[in-house]
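Next comes structure-v8.cif, with mmCIF, C-alpha atoms; chains and numbers go by the auth columns.
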```
data_final
#
loop_
_atom_site.group_PDB
_atom_site.id
_atom_site.type_symbol
_atom_site.label_atom_id
_atom_site.label_comp_id
_atom_site.label_asym_id
_atom_site.label_seq_id
_atom_site.Cartn_x
_atom_site.Cartn_y
_atom_site.Cartn_z
_atom_site.B_iso_or_equiv
_atom_site.auth_seq_id
_atom_site.auth_asym_id
ATOM 1 C CA MET A 1 145.458 136.817 19.549 0.00 1 A
ATOM 2 C CA TYR A 2 145.807 134.266 16.734 0.00 2 A
ATOM 3 C CA ASP A 3 144.796 131.300 18.921 0.00 3 A
ATOM 4 C CA TYR A 4 141.677 133.108 20.148 0.00 4 A
ATOM 5 C CA ILE A 5 140.603 133.950 16.614 0.00 5 A
ATOM 6 C CA LYS A 6 141.301 130.383 15.457 0.00 6 A
ATOM 7 C CA SER A 7 139.295 129.001 18.399 0.00 7 A
ATOM 8 C CA LEU A 8 136.340 131.247 17.616 0.00 8 A
ATOM 9 C CA HIS A 9 136.556 130.282 13.945 0.00 9 A
ATOM 10 C CA LEU A 10 136.450 126.570 14.841 0.00 10 A
ATOM 11 C CA ILE A 11 133.566 127.013 17.277 0.00 11 A
ATOM 12 C CA PHE A 12 131.445 128.740 14.646 0.00 12 A
ATOM 13 C CA VAL A 13 132.413 126.237 11.950 0.00 13 A
ATOM 14 C CA ILE A 14 131.186 123.479 14.266 0.00 14 A
ATOM 15 C CA THR A 15 127.896 125.239 15.026 0.00 15 A
ATOM 16 C CA TRP A 16 127.458 126.050 11.317 0.00 16 A
ATOM 17 C CA PHE A 17 127.801 122.400 10.369 0.00 17 A
ATOM 18 C CA ALA A 18 125.538 121.363 13.241 0.00 18 A
ATOM 19 C CA GLY A 19 122.908 123.719 11.860 0.00 19 A
ATOM 20 C CA LEU A 20 123.328 122.408 8.312 0.00 20 A
ATOM 21 C CA PHE A 21 123.072 118.797 9.450 0.00 21 A
ATOM 22 C CA TYR A 22 120.000 119.400 11.573 0.00 22 A
ATOM 23 C CA ILE A 23 118.112 121.714 9.183 0.00 23 A
ATOM 24 C CA VAL A 24 118.018 119.060 6.475 0.00 24 A
ATOM 25 C CA ARG A 25 116.880 116.470 9.033 0.00 25 A
ATOM 26 C CA LEU A 26 114.041 118.854 9.947 0.00 26 A
ATOM 27 C CA PHE A 27 113.233 119.149 6.227 0.00 27 A
ATOM 28 C CA VAL A 28 112.849 115.344 6.152 0.00 28 A
ATOM 29 C CA TYR A 29 110.439 115.458 9.077 0.00 29 A
ATOM 30 C CA GLN A 30 108.525 118.389 7.595 0.00 30 A
ATOM 31 C CA ILE A 31 108.089 116.623 4.247 0.00 31 A
ATOM 32 C CA GLU A 32 106.946 113.431 5.973 0.00 32 A
ATOM 33 C CA ALA A 33 104.537 115.410 8.173 0.00 33 A
ATOM 34 C CA ASN A 34 102.852 116.689 5.016 0.00 34 A
ATOM 35 C CA ASP A 35 101.656 113.122 4.359 0.00 35 A
ATOM 36 C CA LYS A 36 99.998 112.768 7.774 0.00 36 A
ATOM 37 C CA PRO A 37 96.227 113.038 8.236 0.00 37 A
ATOM 38 C CA SER A 38 94.600 116.156 9.693 0.00 38 A
ATOM 39 C CA PRO A 39 94.898 117.605 12.322 0.00 39 A
ATOM 40 C CA GLU A 40 98.291 115.952 12.941 0.00 40 A
ATOM 41 C CA LYS A 41 99.588 117.308 9.637 0.00 41 A
ATOM 42 C CA GLU A 42 98.798 120.952 10.426 0.00 42 A
ATOM 43 C CA ILE A 43 100.123 120.732 13.977 0.00 43 A
ATOM 44 C CA LEU A 44 103.417 119.126 12.910 0.00 44 A
ATOM 45 C CA LEU A 45 103.946 121.436 9.928 0.00 45 A
ATOM 46 C CA GLN A 46 103.467 124.510 12.099 0.00 46 A
ATOM 47 C CA GLN A 47 105.875 123.182 14.731 0.00 47 A
ATOM 48 C CA TYR A 48 108.530 122.294 12.126 0.00 48 A
ATOM 49 C CA LYS A 49 108.249 125.759 10.584 0.00 49 A
ATOM 50 C CA ILE A 50 108.966 127.309 13.976 0.00 50 A
ATOM 51 C CA MET A 51 111.860 124.924 14.644 0.00 51 A
ATOM 52 C CA THR A 52 113.467 125.439 11.239 0.00 52 A
ATOM 53 C CA TYR A 53 113.072 129.228 11.500 0.00 53 A
ATOM 54 C CA ARG A 54 114.827 129.334 14.850 0.00 54 A
ATOM 55 C CA LEU A 55 117.585 126.947 13.796 0.00 55 A
ATOM 56 C CA TRP A 56 118.181 128.727 10.491 0.00 56 A
ATOM 57 C CA TYR A 57 118.185 132.333 11.693 0.00 57 A
ATOM 58 C CA ILE A 58 119.420 131.987 15.275 0.00 58 A
ATOM 59 C CA ILE A 59 122.143 129.343 14.819 0.00 59 A
ATOM 60 C CA THR A 60 122.988 128.429 11.230 0.00 60 A
ATOM 61 C CA TRP A 61 123.169 131.790 9.426 0.00 61 A
ATOM 62 C CA PRO A 62 124.910 133.619 12.308 0.00 62 A
ATOM 63 C CA SER A 63 127.407 130.757 12.608 0.00 63 A
ATOM 64 C CA ALA A 64 128.168 130.876 8.876 0.00 64 A
ATOM 65 C CA ILE A 65 128.725 134.627 9.030 0.00 65 A
ATOM 66 C CA LEU A 66 130.869 134.515 12.183 0.00 66 A
ATOM 67 C CA ALA A 67 132.939 131.555 10.934 0.00 67 A
ATOM 68 C CA SER A 68 133.589 133.530 7.744 0.00 68 A
ATOM 69 C CA ILE A 69 134.515 136.729 9.577 0.00 69 A
ATOM 70 C CA PHE A 70 137.008 134.889 11.779 0.00 70 A
ATOM 71 C CA ALA A 71 138.367 133.077 8.702 0.00 71 A
ATOM 72 C CA PHE A 72 138.987 136.423 6.988 0.00 72 A
ATOM 73 C CA VAL A 73 140.762 137.677 10.101 0.00 73 A
ATOM 74 C CA LEU A 74 142.946 134.540 10.139 0.00 74 A
ATOM 75 C CA LEU A 75 143.806 135.058 6.473 0.00 75 A
ATOM 76 C CA TYR A 76 144.610 138.702 7.217 0.00 76 A
ATOM 77 C CA LEU A 77 146.955 137.583 10.000 0.00 77 A
ATOM 78 C CA MET A 78 148.473 134.804 7.845 0.00 78 A
ATOM 79 C CA PRO A 79 148.306 136.038 4.220 0.00 79 A
ATOM 80 C CA ALA A 80 150.949 133.510 3.081 0.00 80 A
ATOM 81 C CA TRP A 81 148.311 130.768 3.480 0.00 81 A
ATOM 82 C CA LEU A 82 146.618 132.026 0.329 0.00 82 A
ATOM 83 C CA GLN A 83 149.662 130.899 -1.660 0.00 83 A
ATOM 84 C CA MET A 84 149.527 127.351 -0.308 0.00 84 A
ATOM 85 C CA PRO A 85 147.861 124.715 -2.500 0.00 85 A
ATOM 86 C CA TRP A 86 145.984 123.095 0.397 0.00 86 A
ATOM 87 C CA MET A 87 144.399 126.446 1.288 0.00 87 A
ATOM 88 C CA GLN A 88 143.385 127.098 -2.309 0.00 88 A
ATOM 89 C CA VAL A 89 141.685 123.695 -2.496 0.00 89 A
ATOM 90 C CA LYS A 90 140.092 124.271 0.919 0.00 90 A
ATOM 91 C CA LEU A 91 138.674 127.583 -0.283 0.00 91 A
ATOM 92 C CA CYS A 92 137.133 125.775 -3.269 0.00 92 A
ATOM 93 C CA PHE A 93 135.382 123.439 -0.842 0.00 93 A
ATOM 94 C CA ILE A 94 134.249 126.462 1.196 0.00 94 A
ATOM 95 C CA VAL A 95 132.687 127.912 -1.946 0.00 95 A
ATOM 96 C CA LEU A 96 130.880 124.572 -2.393 0.00 96 A
ATOM 97 C CA LEU A 97 129.780 124.788 1.240 0.00 97 A
ATOM 98 C CA PHE A 98 128.258 128.216 0.628 0.00 98 A
ATOM 99 C CA VAL A 99 126.519 126.907 -2.506 0.00 99 A
ATOM 100 C CA TYR A 100 125.133 124.064 -0.370 0.00 100 A
ATOM 101 C CA HIS A 101 124.071 126.560 2.310 0.00 101 A
ATOM 102 C CA ILE A 102 122.300 128.809 -0.220 0.00 102 A
ATOM 103 C CA LYS A 103 120.527 125.796 -1.746 0.00 103 A
ATOM 104 C CA CYS A 104 119.398 124.805 1.762 0.00 104 A
ATOM 105 C CA HIS A 105 118.101 128.355 2.171 0.00 105 A
ATOM 106 C CA GLN A 106 116.054 127.982 -1.012 0.00 106 A
ATOM 107 C CA MET A 107 114.655 124.688 0.275 0.00 107 A
ATOM 108 C CA TYR A 108 113.914 126.333 3.616 0.00 108 A
ATOM 109 C CA ASN A 109 111.949 129.103 1.876 0.00 109 A
ATOM 110 C CA GLN A 110 109.997 126.581 -0.203 0.00 110 A
ATOM 111 C CA LEU A 111 109.019 124.540 2.849 0.00 111 A
ATOM 112 C CA GLN A 112 108.088 127.663 4.822 0.00 112 A
ATOM 113 C CA ASN A 113 105.678 128.420 1.949 0.00 113 A
ATOM 114 C CA ASP A 114 104.292 124.857 1.919 0.00 114 A
ATOM 115 C CA GLN A 115 105.985 124.008 -1.370 0.00 115 A
ATOM 116 C CA PHE A 116 107.099 120.384 -1.246 0.00 116 A
ATOM 117 C CA LYS A 117 109.390 119.952 -4.254 0.00 117 A
ATOM 118 C CA HIS A 118 111.598 117.159 -2.894 0.00 118 A
ATOM 119 C CA SER A 119 110.976 113.790 -1.302 0.00 119 A
ATOM 120 C CA SER A 120 112.166 112.852 2.167 0.00 120 A
ATOM 121 C CA ASN A 121 114.539 110.343 0.517 0.00 121 A
ATOM 122 C CA PHE A 122 116.073 113.133 -1.559 0.00 122 A
ATOM 123 C CA MET A 123 116.611 115.151 1.617 0.00 123 A
ATOM 124 C CA ARG A 124 118.256 112.213 3.377 0.00 124 A
ATOM 125 C CA LEU A 125 120.681 111.960 0.488 0.00 125 A
ATOM 126 C CA TRP A 126 121.106 115.744 0.297 0.00 126 A
ATOM 127 C CA ASN A 127 122.120 115.753 3.958 0.00 127 A
ATOM 128 C CA GLU A 128 125.283 113.844 3.052 0.00 128 A
ATOM 129 C CA GLY A 129 126.591 116.741 0.940 0.00 129 A
ATOM 130 C CA ALA A 130 127.673 118.660 4.025 0.00 130 A
ATOM 131 C CA THR A 131 129.308 115.507 5.411 0.00 131 A
ATOM 132 C CA ILE A 132 131.445 115.069 2.311 0.00 132 A
ATOM 133 C CA ILE A 133 132.518 118.722 2.379 0.00 133 A
ATOM 134 C CA LEU A 134 133.328 118.468 6.091 0.00 134 A
ATOM 135 C CA PHE A 135 135.538 115.412 5.566 0.00 135 A
ATOM 136 C CA ALA A 136 137.366 117.046 2.678 0.00 136 A
ATOM 137 C CA VAL A 137 138.037 120.288 4.571 0.00 137 A
ATOM 138 C CA VAL A 138 139.177 118.597 7.783 0.00 138 A
ATOM 139 C CA PHE A 139 141.607 116.333 5.952 0.00 139 A
ATOM 140 C CA LEU A 140 142.964 119.263 3.942 0.00 140 A
ATOM 141 C CA VAL A 141 143.506 121.391 7.037 0.00 141 A
ATOM 142 C CA ILE A 142 145.088 118.626 9.105 0.00 142 A
ATOM 143 C CA LEU A 143 147.283 117.052 6.426 0.00 143 A
ATOM 144 C CA LYS A 144 148.154 120.259 4.533 0.00 144 A
ATOM 145 C CA ASN A 145 151.180 119.633 2.316 0.00 145 A
ATOM 146 C CA ALA A 146 151.390 115.973 3.295 0.00 146 A
ATOM 147 C CA PHE A 147 148.047 115.438 1.572 0.00 147 A
ATOM 148 C CA ASN A 148 148.414 113.106 -1.385 0.00 148 A
ATOM 149 C CA TRP A 149 145.967 114.367 -4.018 0.00 149 A
ATOM 150 C CA VAL A 150 145.441 111.025 -5.743 0.00 150 A
ATOM 151 C CA TYR A 151 144.628 109.183 -2.522 0.00 151 A
ATOM 152 C CA GLY A 152 142.545 112.105 -1.333 0.00 152 A
ATOM 153 C CA VAL A 153 140.367 112.125 -4.437 0.00 153 A
ATOM 154 C CA ILE A 154 140.010 108.339 -4.337 0.00 154 A
ATOM 155 C CA GLY A 155 139.153 108.545 -0.628 0.00 155 A
ATOM 156 C CA ILE A 156 136.420 111.165 -1.148 0.00 156 A
ATOM 157 C CA ILE A 157 134.941 109.132 -4.016 0.00 157 A
ATOM 158 C CA LEU A 158 134.992 105.914 -1.939 0.00 158 A
ATOM 159 C CA PHE A 159 133.512 107.752 1.033 0.00 159 A
ATOM 160 C CA SER A 160 130.721 109.106 -1.193 0.00 160 A
ATOM 161 C CA VAL A 161 130.036 105.622 -2.584 0.00 161 A
ATOM 162 C CA LEU A 162 129.866 104.217 0.960 0.00 162 A
ATOM 163 C CA ILE A 163 127.382 106.918 1.935 0.00 163 A
ATOM 164 C CA MET A 164 125.223 106.115 -1.097 0.00 164 A
ATOM 165 C CA LEU A 165 125.321 102.371 -0.341 0.00 165 A
ATOM 166 C CA GLY A 166 124.464 103.058 3.292 0.00 166 A
ATOM 167 C CA PHE A 167 121.560 105.227 2.177 0.00 167 A
ATOM 168 C CA LYS A 168 120.203 102.504 -0.121 0.00 168 A
ATOM 169 C CA PHE A 169 120.551 99.893 2.634 0.00 169 A
ATOM 170 C CA TYR A 170 118.775 102.147 5.151 0.00 170 A
ATOM 171 C CA LYS A 171 116.002 102.863 2.632 0.00 171 A
ATOM 172 C CA GLN A 172 115.462 99.131 2.094 0.00 172 A
ATOM 173 C CA LEU A 173 115.296 98.556 5.866 0.00 173 A
ATOM 174 C CA ARG A 174 112.755 101.363 6.293 0.00 174 A
ATOM 175 C CA GLU A 175 110.569 100.039 3.489 0.00 175 A
ATOM 176 C CA LYS A 176 110.804 96.486 4.872 0.00 176 A
ATOM 177 C CA ASN A 177 109.716 97.652 8.353 0.00 177 A
ATOM 178 C CA LYS A 178 106.665 99.598 7.098 0.00 178 A
#
```

Rewrite the structure from the file as structure tokens, please.
Amino acid sequence: MYDYIKSLHLIFVITWFAGLFYIVRLFVYQIEANDKPSPEKEILLQQYKIMTYRLWYIITWPSAILASIFAFVLLYLMPAWLQMPWMQVKLCFIVLLFVYHIKCHQMYNQLQNDQFKHSSNFMRLWNEGATIILFAVVFLVILKNAFNWVYGVIGIILFSVLIMLGFKFYKQLREKNK
């Protein structure tokens, strides 16, 4: 039974992250569509609202809930994990993931109501938050007790810096090609 529950947990974690990655990309497109001339603007905004609604409520939220349910079942089956340092750190990252998810939900609601509070560049950068959390969680789960905290922290910081540099480089290329 354990392997089936673990498999279902992993499947819904994957679809949850897929939803988080894609929803923010749709936010970028929706924000950029707002700058288009009419009638293109209205057509695109309406289409992106439909797409984000379906992604958010048919894939992303259900995946988050199901991944969490299967995680609770796994912890019920293996309660000793809660005493392990790697699991405690992982759970901290999961809390951050839910904070990220809730913030995405707020952004979703704003865009559904035609409130454009962020730039498309902000959203491109925001999209990397889920990537950083994903890397941290995967390394924690795979390496467990072999995880060296100093190297892990340095690695996450370096990874974040690389993402920021890549973002700046991509932004310069986009502006150059306009």

Kindly give the distance, in Å, that separates CA of Ile11 (chain A) and CA of Val138 (chain A), rounded to a single decimal.
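Computing it gives 13.9 Å between the two atoms.
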
Residue by residue, what does the PyMOL selection byres ((chain A and resi 156-162) around 12) grab here? Present the result as number ranges by chain.
A: 125-126, 128-140, 149-155, 163-169

Separation of CA of Val13 (chain A) from CA of Ser63 (chain A), in Å and rounded to one decimal
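Between CA of Val13 (chain A) and CA of Ser63 (chain A) the gap works out to 6.8 Å.
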
Enclose the full set of atoms of region 26-31 of chain A listed in the file within a box whose edges lie along x, y and z, apply 4 Å of padding to each of the six sides, and report centre and edge lengths in Å to one decimal as lines of an AutoDock Vina configuration file.
```
center_x = 111.1
center_y = 117.2
center_z = 7.1
size_x = 14.0
size_y = 11.8
size_z = 13.7
```

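Using all atoms listed in the file for every distance, the candidate list A:Phe17, A:Tyr22, A:Phe116, A:Phe70 yields A:Phe17 as the residue closest to Leu97 (chain A).
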
I would like the residues chosen by the PyMOL selection byres ((chain A and resi 24) around 9) on the shown file; could you give them as a ChimeraX atom specification?
/A:19-23,25-29,104,108,123-124,126-127

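Considering all atoms listed in the file, the residue among A:Asn177, A:Thr60, A:Thr15, A:Ser68 positioned nearest to His101 (chain A) is A:Thr60.
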
Could you state which residues are captured by the PyMOL selection byres ((chain A and resi 8) around 12) in this file, as a VMD selection string?
chain A and resid 1 to 7 9 to 15 63 to 71 73 to 74

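Interatomic distance, CA of Leu55 (chain A) to CA of Gln115 (chain A): 19.3 Å.
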
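With distances restricted to all atoms listed in the file, A:Leu91 is the closest residue to Phe72 (chain A) from A:Leu96, A:Met107, A:Met84, A:Leu91.
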
Using all atoms listed in the file, I'd like a table of the residues in region 96-166 of chain A that come within 7 Å of region 30-50 of chain A; for each, show the closest atom pair and its distance in Å rounded to one decimal, ordered by chain and ascending number, as a tab-separated table.
```
residue	atom	partner	partner_atom	distance
A:Gln112	CA	A:Lys49	CA	6.1
A:Phe116	CA	A:Ile31	CA	6.7
A:Ser119	CA	A:Ile31	CA	6.9
A:Ser120	CA	A:Ile31	CA	5.9
```
